[in-house]
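Chemist: To start, I am sharing the structure in question, which I have written as structure tokens.
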Amino acid sequence: MGLYHYRPTVADLRARKARGDKLTMLFVETPEEARAAAAAGIDMLSIIDPLWTPDMREAAGNCFVQVGLLYGELVTAEDYLRAAFRAMNIGGDCVYCSAAPDIQKALCDNGIPVVAHVGLIPSQCTWTGGFKAVGKTADSARAVWDHVKRLEEIGCFGAELEVVPDRVAEVIAKNTPLLMLGMGAGAHADAQYLFAEDVLGHGTNKAPRHAKTYRNFAAEFARLQTERIAAFAEFKADVSSGTYPANEHVVPIADDEFAAFEAFVSAT
């Protein structure tokens, strides 16, 4: 499975960054997606905390898993620490945290590998003008750079680098020990990170500019829904007509045993 016959560690991924290896990362939501990603040799998975279970860990195989701690549902540093330790105890390899620096530092100080977020941060994008690129001016690019440097000081392991110019991303990735997980940040980020629903073409929201769709699952899901409705309707019709259940669907009883049972019922 990729370079490893075991699950890679933070140290392994740092070594791969140093070698210039290009990593792959997917956001997945089901065991089927996680299992497929592992079979395909995807390096890293992102799975949000409410979906992170022992079954998902097993499905993820040898993939390095980032467990997303939900911004806004957790509040205090203690909330985040409890959630992070729970995620790691299930088998998470790092946690994603876009909360305040003091909370990120609390996690780092407790030895938990933390991935932060820079550039377009969806949960805080009102400060940068909404869902649009960040770092297109020298001042904006400098702000992203400064943010990365603060994360280094805190002790973070990596950061999602979302929707920034590719040349800005290249400079940052080459000048930080953090693993830069690129979403719309060009070819020079340390990993290319996409959502499985975009790769498979079944997202309910408009796919972002940086997404690439490799399959049209939306059409297949629509076909399956049509078939699902038809099958349910046929079942209803069979029940109404008496076609179902048929002889092959029922449990038989020998005639003498049934006669004895009927005699018992009649006598009561």
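Residue numbers start at 1 in each chain; chains themselves are named A, B, ... in the order of the structure tokens; ligands are numbered from 1 in the order shown.
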I want to know what sits within 7 Å of region 118-129 of chain A, based on only C-alpha atoms, with residues of the same chain fewer than 6 positions away left out; could you give that as a list in words?
Modeler: Val144, His147, Ala159, Glu160, Leu161, Glu162, Val163 and Val164 of chain A
Chemist: Emit the selected residues as an mmCIF file, in the first residue's frame, including N, CA, C and O atoms.
Modeler:
data_model
loop_
_atom_site.group_PDB
_atom_site.id
_atom_site.type_symbol
_atom_site.label_atom_id
_atom_site.label_comp_id
_atom_site.auth_asym_id
_atom_site.auth_seq_id
_atom_site.Cartn_x
_atom_site.Cartn_y
_atom_site.Cartn_z
ATOM 1 N N VAL A 144 -0.819 35.434 5.132
ATOM 2 C CA VAL A 144 -0.818 33.966 5.132
ATOM 3 C C VAL A 144 0.518 33.456 5.660
ATOM 4 O O VAL A 144 0.590 32.545 6.488
ATOM 5 N N HIS A 147 0.761 33.866 9.348
ATOM 6 C CA HIS A 147 -0.077 32.870 10.019
ATOM 7 C C HIS A 147 0.670 31.540 10.110
ATOM 8 O O HIS A 147 0.686 30.883 11.162
ATOM 9 N N ALA A 159 -0.800 22.253 8.048
ATOM 10 C CA ALA A 159 -1.907 23.193 7.856
ATOM 11 C C ALA A 159 -2.544 22.962 6.497
ATOM 12 O O ALA A 159 -1.838 22.707 5.507
ATOM 13 N N GLU A 160 -3.860 23.026 6.470
ATOM 14 C CA GLU A 160 -4.555 23.060 5.196
ATOM 15 C C GLU A 160 -4.308 24.442 4.574
ATOM 16 O O GLU A 160 -4.491 25.459 5.240
ATOM 17 N N LEU A 161 -3.891 24.444 3.337
ATOM 18 C CA LEU A 161 -3.569 25.679 2.620
ATOM 19 C C LEU A 161 -4.586 25.799 1.500
ATOM 20 O O LEU A 161 -4.478 25.141 0.469
ATOM 21 N N GLU A 162 -5.600 26.656 1.708
ATOM 22 C CA GLU A 162 -6.760 26.636 0.823
ATOM 23 C C GLU A 162 -6.872 27.908 -0.020
ATOM 24 O O GLU A 162 -6.867 29.018 0.506
ATOM 25 N N VAL A 163 -6.985 27.699 -1.307
ATOM 26 C CA VAL A 163 -7.271 28.724 -2.313
ATOM 27 C C VAL A 163 -6.348 29.936 -2.178
ATOM 28 O O VAL A 163 -6.769 31.051 -1.870
ATOM 29 N N VAL A 164 -5.082 29.676 -2.393
ATOM 30 C CA VAL A 164 -4.090 30.752 -2.483
ATOM 31 C C VAL A 164 -3.339 30.589 -3.798
ATOM 32 O O VAL A 164 -3.290 29.490 -4.356
#
Chemist: Find the residues near Ile42 (chain A): any atom within 7 Å, counting only C-alpha atoms, skip ones fewer than 2 places away on the same chain, and give them as a list in words.
Modeler: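 My list of contacting residues is Thr24, Met25, Ala37, Ala38, Ala40, Met44 and Cys63 of chain A.
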Chemist: Save out the residues we just selected, C-alpha atoms, as a PDB file, in the first residue's frame.
Modeler:
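Contents of out_19.pdb, freshly written:
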ATOM      1  CA  THR A  24      -2.585  12.534  -1.774  1.00  0.00           C
ATOM      2  CA  MET A  25      -5.421  13.283   0.632  1.00  0.00           C
ATOM      3  CA  ALA A  37      -9.149   5.130  -0.622  1.00  0.00           C
ATOM      4  CA  ALA A  38      -6.994   2.657   1.294  1.00  0.00           C
ATOM      5  CA  ALA A  40      -6.193   2.839  -4.029  1.00  0.00           C
ATOM      6  CA  MET A  44      -4.024  10.593   3.978  1.00  0.00           C
ATOM      7  CA  CYS A  63      -4.061   5.527   5.544  1.00  0.00           C
TER       8      CYS A  63
END
Chemist: Mind checking DSSP for region 21-204 of chain A and telling me the strand (DSSP E or B) residues as a ChimeraX atom specification?
Modeler: /A:23-27,44-48,64-68,71,74,94-96,114-119,158-162,179-183,191-195
Chemist: Could you save those same residues with C-alpha atoms as a short mmCIF file (atom, residue, chain, number, x, y, z; two decimals), in the first residue's frame?
Modeler:
data_model
loop_
_atom_site.label_atom_id
_atom_site.label_comp_id
_atom_site.auth_asym_id
_atom_site.auth_seq_id
_atom_site.Cartn_x
_atom_site.Cartn_y
_atom_site.Cartn_z
CA LEU A 23 1.09 13.16 -1.15
CA THR A 24 -2.59 12.53 -1.77
CA MET A 25 -5.42 13.28 0.63
CA LEU A 26 -9.19 12.76 0.53
CA PHE A 27 -12.05 13.91 2.75
CA MET A 44 -4.02 10.59 3.98
CA LEU A 45 -7.71 10.80 4.85
CA SER A 46 -9.67 13.53 6.59
CA ILE A 47 -12.68 12.33 8.59
CA ILE A 48 -14.79 14.59 10.78
CA PHE A 64 -2.86 8.29 7.85
CA VAL A 65 -6.07 9.79 9.25
CA GLN A 66 -6.68 13.41 10.21
CA VAL A 67 -9.71 13.67 12.50
CA GLY A 68 -11.56 16.96 12.13
CA TYR A 71 -15.22 24.39 15.03
CA LEU A 74 -16.35 22.59 20.75
CA CYS A 94 -3.57 13.75 13.97
CA VAL A 95 -6.40 16.20 14.52
CA TYR A 96 -7.59 19.18 12.51
CA VAL A 114 -2.28 19.28 15.01
CA VAL A 115 -3.21 20.38 11.49
CA ALA A 116 -4.41 23.98 11.36
CA HIS A 117 -5.82 26.01 8.45
CA VAL A 118 -4.50 29.02 6.53
CA GLY A 119 -5.58 30.97 3.47
CA GLY A 158 0.70 20.88 9.32
CA ALA A 159 -1.91 23.19 7.86
CA GLU A 160 -4.55 23.06 5.20
CA LEU A 161 -3.57 25.68 2.62
CA GLU A 162 -6.76 26.64 0.82
CA LEU A 179 3.14 19.79 5.99
CA MET A 180 1.09 22.02 3.69
CA LEU A 181 -2.11 20.29 2.56
CA GLY A 182 -3.17 22.09 -0.58
CA MET A 183 -6.75 22.68 -1.63
CA ALA A 191 -0.24 17.15 -0.54
CA GLN A 192 -3.16 17.49 -2.92
CA TYR A 193 -6.39 17.40 -0.93
CA LEU A 194 -9.85 16.86 -2.46
CA PHE A 195 -13.27 15.84 -1.20
#
Chemist: Show me, as a PyMOL selection string, the residues that have an atom within 12 Å of Ile112 (chain A) when counting only C-alpha atoms, minus same-chain residues fewer than 2 positions from it.
Modeler: chain A and resi 10+66-67+80-89+92-97+103-110+114-115+154-158
Chemist: How far is it from CA of Ala141 (chain A) to CA of Ala185 (chain A), in Å with one decimal?
Modeler: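 Result for CA of Ala141 (chain A) versus CA of Ala185 (chain A): 12.3 Å, one decimal.
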Chemist: Enter the distance from CA of Met56 (chain A) to CA of Pro31 (chain A), in Å, rounded to one decimal.
Modeler: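 Spanning CA of Met56 (chain A) to CA of Pro31 (chain A) is a straight-line distance of 5.4 Å.
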Chemist: Looking only at alpha helix (DSSP H) from DSSP on the backbone, list the matching residues of region 34-63 of chain A as a PyMOL selection string.
Modeler: chain A and resi 34-40+54-59
Chemist: Mind dumping the selected residues with N, CA, C and O atoms as a short mmCIF file (atom, residue, chain, number, x, y, z; two decimals), in the first residue's frame?
Modeler:
data_model
loop_
_atom_site.label_atom_id
_atom_site.label_comp_id
_atom_site.auth_asym_id
_atom_site.auth_seq_id
_atom_site.Cartn_x
_atom_site.Cartn_y
_atom_site.Cartn_z
N ALA A 34 -13.66 5.21 2.66
CA ALA A 34 -12.37 5.03 3.33
C ALA A 34 -11.69 3.75 2.83
O ALA A 34 -10.48 3.73 2.57
N ARG A 35 -12.46 2.69 2.70
CA ARG A 35 -11.91 1.41 2.25
C ARG A 35 -11.39 1.53 0.82
O ARG A 35 -10.31 1.00 0.49
N ALA A 36 -12.12 2.23 -0.03
CA ALA A 36 -11.68 2.41 -1.41
C ALA A 36 -10.42 3.25 -1.47
O ALA A 36 -9.51 2.97 -2.27
N ALA A 37 -10.34 4.28 -0.65
CA ALA A 37 -9.15 5.13 -0.62
C ALA A 37 -7.93 4.32 -0.19
O ALA A 37 -6.84 4.45 -0.77
N ALA A 38 -8.11 3.49 0.83
CA ALA A 38 -6.99 2.66 1.29
C ALA A 38 -6.55 1.69 0.20
O ALA A 38 -5.35 1.50 -0.03
N ALA A 39 -7.52 1.08 -0.48
CA ALA A 39 -7.20 0.13 -1.55
C ALA A 39 -6.48 0.81 -2.71
O ALA A 39 -5.65 0.20 -3.38
N ALA A 40 -6.80 2.08 -2.93
CA ALA A 40 -6.19 2.84 -4.03
C ALA A 40 -4.82 3.39 -3.66
O ALA A 40 -4.12 3.94 -4.51
N PRO A 54 -14.39 3.25 15.45
CA PRO A 54 -13.50 2.11 15.21
C PRO A 54 -13.72 1.46 13.84
O PRO A 54 -12.77 1.01 13.20
N ASP A 55 -14.97 1.44 13.38
CA ASP A 55 -15.25 0.88 12.05
C ASP A 55 -14.57 1.70 10.96
O ASP A 55 -14.06 1.14 9.98
N MET A 56 -14.58 3.03 11.11
CA MET A 56 -13.92 3.88 10.13
C MET A 56 -12.40 3.69 10.19
O MET A 56 -11.72 3.69 9.16
N ARG A 57 -11.87 3.50 11.39
CA ARG A 57 -10.42 3.25 11.51
C ARG A 57 -10.04 1.97 10.77
O ARG A 57 -9.05 1.92 10.06
N GLU A 58 -10.84 0.95 10.96
CA GLU A 58 -10.57 -0.32 10.28
C GLU A 58 -10.68 -0.15 8.77
O GLU A 58 -9.84 -0.64 8.01
N ALA A 59 -11.71 0.57 8.32
CA ALA A 59 -11.90 0.77 6.89
C ALA A 59 -10.76 1.57 6.28
O ALA A 59 -10.39 1.35 5.12
#
Chemist: As an exercise, work out the distance from CA of Ala246 (chain A) to CA of Ala260 (chain A) in Å and give it to one decimal place.
Modeler: 24.5 Å
Chemist: Which one is closest to Val199 (chain A): A:Val28, A:Ala11, A:Asp139, A:Ala60? Count only C-alpha atoms.
Modeler: A:Val28
Chemist: Go through A:Glu32, A:Glu170, A:Asp21, A:Glu197 one by one, measure the shortest atom-to-atom distance of each to Arg215 (chain A) using only C-alpha atoms, and give the residue with the smallest value.
Modeler: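 Closest to Arg215 (chain A), using only C-alpha atoms: A:Glu197.
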Chemist: Which of these, A:Ala189, A:Val251, A:Leu69, A:Ala233, has the shortest distance to Gly20 (chain A) once you count only C-alpha atoms?
Modeler: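 Among the listed residues, A:Ala189 lies closest to Gly20 (chain A).
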